[in-house]
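**Q** Please read through the structure below; I'll follow up with questions.
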Amino acid sequence: METEAIKADVMQKKADEDRRADPSAVAEPARTPLYDEHVNLGARMVEFGGWMMPVQYGKGIIEEHKNVRANVGIFDTCHMGEFVITGSDAARLCNTLTTNNVASLNTNQAQYSYICNDDGGVSDDCIVYQFPDDQNIFVVNAAPLKADYALLEALANRHSMDVKLLNGSEETGKLDVQGPAAAALVQKHTDTDLSSIKFFWARWGEVAGVHCLISRTGYTGEDGFELFFPIEETVKLWRLFVESGAEPSGLGARDTLRLEASLPLSGSDIAASYNRNPIWAGFGRFIKLDKGVDFVGREALQRAADDQGGERLINFHITERGVPRAHYPIMKDGEQVGEVTSGSYGPSLDKYIGMGWVKAGLHQPDTELEVMIREKPVGIKVLPRPMYKKPKIEA
Amino acid sequence: MENPRDYKYTKEHEWAKLDGDTVTMGVTNYAASQLGDMVYVDMPTAGTKVSQGDVIGALESVKAAADFYSPLSGEVLERNERLLDEPGAINSDPFTDGWFVKITPGDASELDALMSAEEYDEFEKSQG
């Protein structure tokens with residue numbers, strides 16, 4: 001029984017040995033302020049994007065997943081990055097870097113967007129906020145954070161923009177409180193009227209006496225909030241939410257929740273090569289080719305938009321039995337036509353589901369294809385997005 | 001969860017237990033807990049010939065897939081049909097209800113080369 005977890009242990013031991021041999025050779029994964037909290041809660045810790053993060057706690061991924069769908073869970077997302085851009089050219093700089101149109105944002109509004117490379121591939125996905133007094137905040141993923149910031153600085157210099165840049169990632173704590181009961185729980189600890197914050201809007205407010213950016217966003221397909229605050233307040237806020245009913249939830253549940261909700265994982269489902277560009281992935285609504293600003297990757301993305309060929313990102317479920325995993329071949333009539341990029345069991349759908357790239361034309365919902373699982377073809381069917389949609393609550 | 005004293009063990013974290021002419025095989029609690037919530041099990045059907053050390057099936061958790069290496073040689077008598085609908089039995093009860101397959105061993109002396117419970121306890125500890 002050779003498990004990935006056991007392989008990870010072996011890798012860890014190898015890394016430990018290498019470090020003893022030459023301490024400068026191997027970078028130690030960073031720890032969020034909640035590392036000891038996770039360990040004390042019985043979390044299994046894994047290296048992710050240069051950080052030691054909890055993959056699951058004692059109850060397991062399926063319980064954590066179902067709890068976020070039914071109640072409220074809390075995720076440590078301190079590893080993510082936050083950039084603050086201030087100045088008369090702030091929105092223009094954001095618009096030069098990202099694909100969506102920052103100029104269309106109202107004050108306190110947020111948008112999902114991409115940081116592309118010149119090939120039109122995705123370097124990172126991000127959320128961009130517009131705040132008063134010419135201020136924008138960027139929230140980015142942990143692994144590409146440094147490259148994102150370097151590109152932001154380079155663009156500001158190249159175009160001599162009037163901006164002040166701040167990489168606030170090390171000083172900023174972040175917790176995601178997610179689930180249908182998230183609003184009621186967060187409301188207990190704040191005077192800010194949360195019903196006034198709509199999906200993809202944000203406000204500054206006090207939560208348990210801590211000055212927080214309260215953003216109604218997330219990566220689970222549920223209602224909920226991403227809270228940003230001074231990093232030294234992280235343990236206090238985590239304990240407050242956990243003690244008042246939020247279930248600690250790890251990266252494992254975060255992955256199955258986002259997969260069911262058809263939210264892509266940057267670096268896997270959308271990635272740095274042209275063939276994994278966000279237009280072919282079906283996320284063209286976040287790419288404003290005609291916004292009047294020449295942004296990084298625009299030319300390549302225009303080419304992708306004009307090309308009916310290439311590949312497309314699909315969502316699918318297994319129609320027989322088996323679990324799809326990243327890099328498994330996707331087949332049609334014995335020929336490989338694509339590759340799985342994400343796959344797992346979806347606890348709320350109670351189906352084996354995945355995302356993958358196939359030749360254009362084979363991506364329409366209800367198309368039947370096959371995935372090779374341990375050298376056996378297993379039937380799949382292309383699904384419309386999102387695969388999971390939260391039930392509408394009748395008023 | 002204690003590793004049963006009357007079972008034999010492999011370095012791949014499988015167990016084998018002799019009952020008369022039959023050997024029942026499965027994975028240990030350590031393996032089950034490392035993998036996490038089990039969601040699918042791929043088992044060989046009755047009549048399949050297996051050799052010691054061969055990959056004869058797979059266990060899949062939410063996060064990972066793991067091969068099942070046969071601890072012994074022989075012929076599959078029966079697979080645990082219950083796991084098809086309830087793979088979580090491997091997590092809740094890896095040494096009894098969560099068994100994987102039963103085989104008629106070709107050479108029961110192969111068992112002697114496997115680890116005893118005491119040896120496996122030590123091996124498990126060394127896995128960190």
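Labels used: A, B, ... for chains in the order of the structure tokens, numbers from 1 for residues in each chain, and numbers from 1 for ligands as shown.
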Which residues of chain B sit at most 9 Å from chain A, using only C-alpha atoms? Give each one's shortest atom pair and distance in Å (one decimal place), in chain and ascending residue order, as a tab-separated table.

**A**
```
residue	atom	partner	partner_atom	distance
B:Thr10	CA	A:Met1	CA	8.6
B:Lys11	CA	A:Met1	CA	7.7
B:Glu12	CA	A:Met1	CA	3.9
B:His13	CA	A:Met1	CA	5.4
B:Glu14	CA	A:Met1	CA	6.5
B:Val27	CA	A:Met1	CA	7.6
B:Ala31	CA	A:Met1	CA	7.2
B:Gln34	CA	A:Ala5	CA	6.0
B:Leu35	CA	A:Ala5	CA	6.7
B:Gly36	CA	A:Gly60	CA	6.7
B:Asp37	CA	A:Gly60	CA	6.4
B:Val39	CA	A:Tyr345	CA	6.8
B:Tyr40	CA	A:Gly322	CA	6.6
B:Val41	CA	A:Gly322	CA	8.2
B:Asp42	CA	A:Gly322	CA	8.0
B:Ala58	CA	A:Met1	CA	8.9
B:Glu60	CA	A:Val323	CA	7.2
B:Ser61	CA	A:Tyr345	CA	8.3
B:Val62	CA	A:Tyr345	CA	5.8
B:Lys63	CA	A:Gly252	CA	6.9
B:Ala64	CA	A:Glu4	CA	6.3
B:Ala65	CA	A:Thr3	CA	7.0
B:Ala66	CA	A:Thr3	CA	5.0
B:Asp67	CA	A:Met1	CA	5.8
B:Phe68	CA	A:Met1	CA	5.4
B:Tyr69	CA	A:Met1	CA	6.3
B:Gln127	CA	A:Asp9	CA	7.7
B:Gly128	CA	A:Asp9	CA	7.7
```

**Q** Write the selection just made, keeping C-alpha atoms, as a JSON list (two decimals), in the first residue's frame?

**A**
```json
[["chain", "number", "residue", "atom", "x", "y", "z"],
["B", 10, "THR", "CA", 3.46, -6.16, 4.92],
["B", 11, "LYS", "CA", 5.55, -3.03, 4.43],
["B", 12, "GLU", "CA", 2.81, -1.81, 2.07],
["B", 13, "HIS", "CA", 0.52, -1.63, 5.13],
["B", 14, "GLU", "CA", -1.62, -4.63, 4.26],
["B", 27, "VAL", "CA", -5.27, -2.74, 4.69],
["B", 31, "ALA", "CA", -3.02, 2.99, 5.76],
["B", 34, "GLN", "CA", -3.29, 8.07, 5.96],
["B", 35, "LEU", "CA", -5.58, 7.84, 2.94],
["B", 36, "GLY", "CA", -8.59, 9.39, 4.68],
["B", 37, "ASP", "CA", -12.25, 8.99, 3.70],
["B", 39, "VAL", "CA", -14.79, 6.68, -1.70],
["B", 40, "TYR", "CA", -14.13, 3.82, -4.13],
["B", 41, "VAL", "CA", -12.57, 0.38, -4.10],
["B", 42, "ASP", "CA", -11.40, -1.58, -7.12],
["B", 58, "ALA", "CA", -6.89, -0.09, -5.68],
["B", 60, "GLU", "CA", -9.38, 5.54, -3.55],
["B", 61, "SER", "CA", -9.96, 8.21, -0.94],
["B", 62, "VAL", "CA", -11.18, 11.75, -1.58],
["B", 63, "LYS", "CA", -7.58, 12.90, -1.97],
["B", 64, "ALA", "CA", -5.56, 9.93, -3.21],
["B", 65, "ALA", "CA", -5.46, 6.61, -5.04],
["B", 66, "ALA", "CA", -3.42, 3.72, -3.62],
["B", 67, "ASP", "CA", -2.59, 0.35, -5.12],
["B", 68, "PHE", "CA", -3.31, -2.85, -3.23],
["B", 69, "TYR", "CA", -0.36, -5.26, -3.40],
["B", 127, "GLN", "CA", 6.78, 5.77, 9.39],
["B", 128, "GLY", "CA", 6.41, 8.84, 11.61]]
```

**Q** Tell me which protein, DNA and RNA residues are within 9 Å of Gly88 of chain B, counting only C-alpha atoms, leaving out same-chain ones fewer than 3 positions away, and put them as an MDAnalysis selection string.

**A** chainID B and resid 37:40 83 85 91:93 98

**Q** Give me the residues within 9 Å of Glu118 of chain B as a ChimeraX atom specification, counting only C-alpha atoms and dropping any in the same chain fewer than 3 places off.

**A** /B:3,5,115,121-123

**Q** Please provide as a count of residues only all residues within 6 Å of segment 87-100 of chain A, with the sequence filter that same-chain residues fewer than 6 positions apart are discarded (counting only C-alpha atoms).

**A** 12

**Q** Where does DSSP see strand (DSSP E or B) in segment 189-260 of chain A, if you list the residues as a PyMOL selection string?

**A** chain A and resi 190+201-207+210-215+224-230+247-248

**Q** Would you mind telling me which residue in B:Asp107, B:Asp6, B:Glu86, B:Asp97 lies nearest to Pro71 of chain B when using only C-alpha atoms?

**A**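 Of B:Asp107, B:Asp6, B:Glu86, B:Asp97, the one nearest Pro71 of chain B is B:Asp107, counting only C-alpha atoms.
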
**Q** Would you list the contacts of Glu370 of chain A as an MDAnalysis selection string, taking every protein, DNA or RNA residue within 6 Å and counting only C-alpha atoms, but skipping same-chain residues closer than 5 positions in sequence?

**A** chainID A and resid 330:331 377:380

**Q** Can you list, as a ChimeraX atom specification, every protein, DNA or RNA residue that comes within 12 Å of Arg385 of chain A when you count only C-alpha atoms, leaving out same-chain residues fewer than 3 positions away?

**A** /A:221,259-264,281-283,313-317,354-355,363-366,382,388-389

**Q** As a JSON list (two decimals) with C-alpha atoms, in the first residue's frame, please: every residue in segment 25-191 of chain A that DSSP puts in alpha helix (DSSP H).

**A**
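File selection_35.json, as written:
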```json
[["chain", "number", "residue", "atom", "x", "y", "z"],
["A", 35, "TYR", "CA", -0.03, 26.26, 12.69],
["A", 36, "ASP", "CA", -0.16, 25.21, 16.36],
["A", 37, "GLU", "CA", -3.96, 25.54, 16.43],
["A", 38, "HIS", "CA", -4.21, 23.15, 13.47],
["A", 39, "VAL", "CA", -1.82, 20.62, 14.99],
["A", 40, "ASN", "CA", -3.64, 20.76, 18.35],
["A", 61, "ILE", "CA", -12.94, 15.72, 4.33],
["A", 62, "ILE", "CA", -16.45, 14.44, 3.65],
["A", 63, "GLU", "CA", -17.82, 15.65, 7.01],
["A", 64, "GLU", "CA", -16.07, 19.00, 6.66],
["A", 65, "HIS", "CA", -17.44, 19.39, 3.13],
["A", 66, "LYS", "CA", -21.03, 18.56, 4.09],
["A", 67, "ASN", "CA", -20.85, 20.88, 7.09],
["A", 68, "VAL", "CA", -19.92, 23.84, 4.87],
["A", 69, "ARG", "CA", -22.88, 23.05, 2.59],
["A", 70, "ALA", "CA", -25.30, 22.76, 5.55],
["A", 90, "ALA", "CA", -4.13, 52.69, -9.32],
["A", 91, "ALA", "CA", -7.14, 51.48, -11.32],
["A", 92, "ARG", "CA", -5.24, 51.94, -14.60],
["A", 93, "LEU", "CA", -2.34, 49.84, -13.30],
["A", 94, "CYS", "CA", -4.76, 47.09, -12.21],
["A", 95, "ASN", "CA", -6.37, 47.26, -15.62],
["A", 96, "THR", "CA", -2.98, 46.87, -17.30],
["A", 97, "LEU", "CA", -2.24, 43.74, -15.31],
["A", 145, "LEU", "CA", 2.50, 35.76, -5.21],
["A", 146, "LYS", "CA", 6.08, 36.97, -5.69],
["A", 147, "ALA", "CA", 5.89, 36.78, -9.49],
["A", 148, "ASP", "CA", 2.54, 38.63, -9.44],
["A", 149, "TYR", "CA", 4.02, 41.43, -7.35],
["A", 150, "ALA", "CA", 7.16, 41.68, -9.48],
["A", 151, "LEU", "CA", 5.00, 42.05, -12.58],
["A", 152, "LEU", "CA", 2.89, 44.72, -10.88],
["A", 153, "GLU", "CA", 6.04, 46.68, -9.99],
["A", 154, "ALA", "CA", 7.50, 46.27, -13.47],
["A", 155, "LEU", "CA", 4.31, 47.56, -15.13],
["A", 156, "ALA", "CA", 4.12, 50.54, -12.76],
["A", 157, "ASN", "CA", 7.72, 51.47, -13.62],
["A", 158, "ARG", "CA", 7.43, 50.83, -17.36],
["A", 182, "ALA", "CA", -21.86, 32.12, 7.91],
["A", 183, "ALA", "CA", -23.73, 35.44, 7.82],
["A", 184, "ALA", "CA", -25.59, 34.76, 11.08],
["A", 185, "LEU", "CA", -22.36, 33.73, 12.78],
["A", 186, "VAL", "CA", -20.26, 36.69, 11.62],
["A", 187, "GLN", "CA", -23.15, 39.05, 12.42]]
```

**Q** With distances taken over only C-alpha atoms, which of A:Ala43, A:Leu265, A:Ile353, A:Cys126 is nearest to Gly250 of chain A?

**A**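 Checking each of A:Ala43, A:Leu265, A:Ile353, A:Cys126 against Gly250 of chain A, counting only C-alpha atoms, the winner is A:Ala43.
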
**Q** What is the distance, in Å and to one decimal place, between atom CA of Ala142 of chain A and atom CA of Glu170 of chain A?

**A**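 We find that atom CA of Ala142 of chain A and atom CA of Glu170 of chain A lie 11.1 Å from each other.
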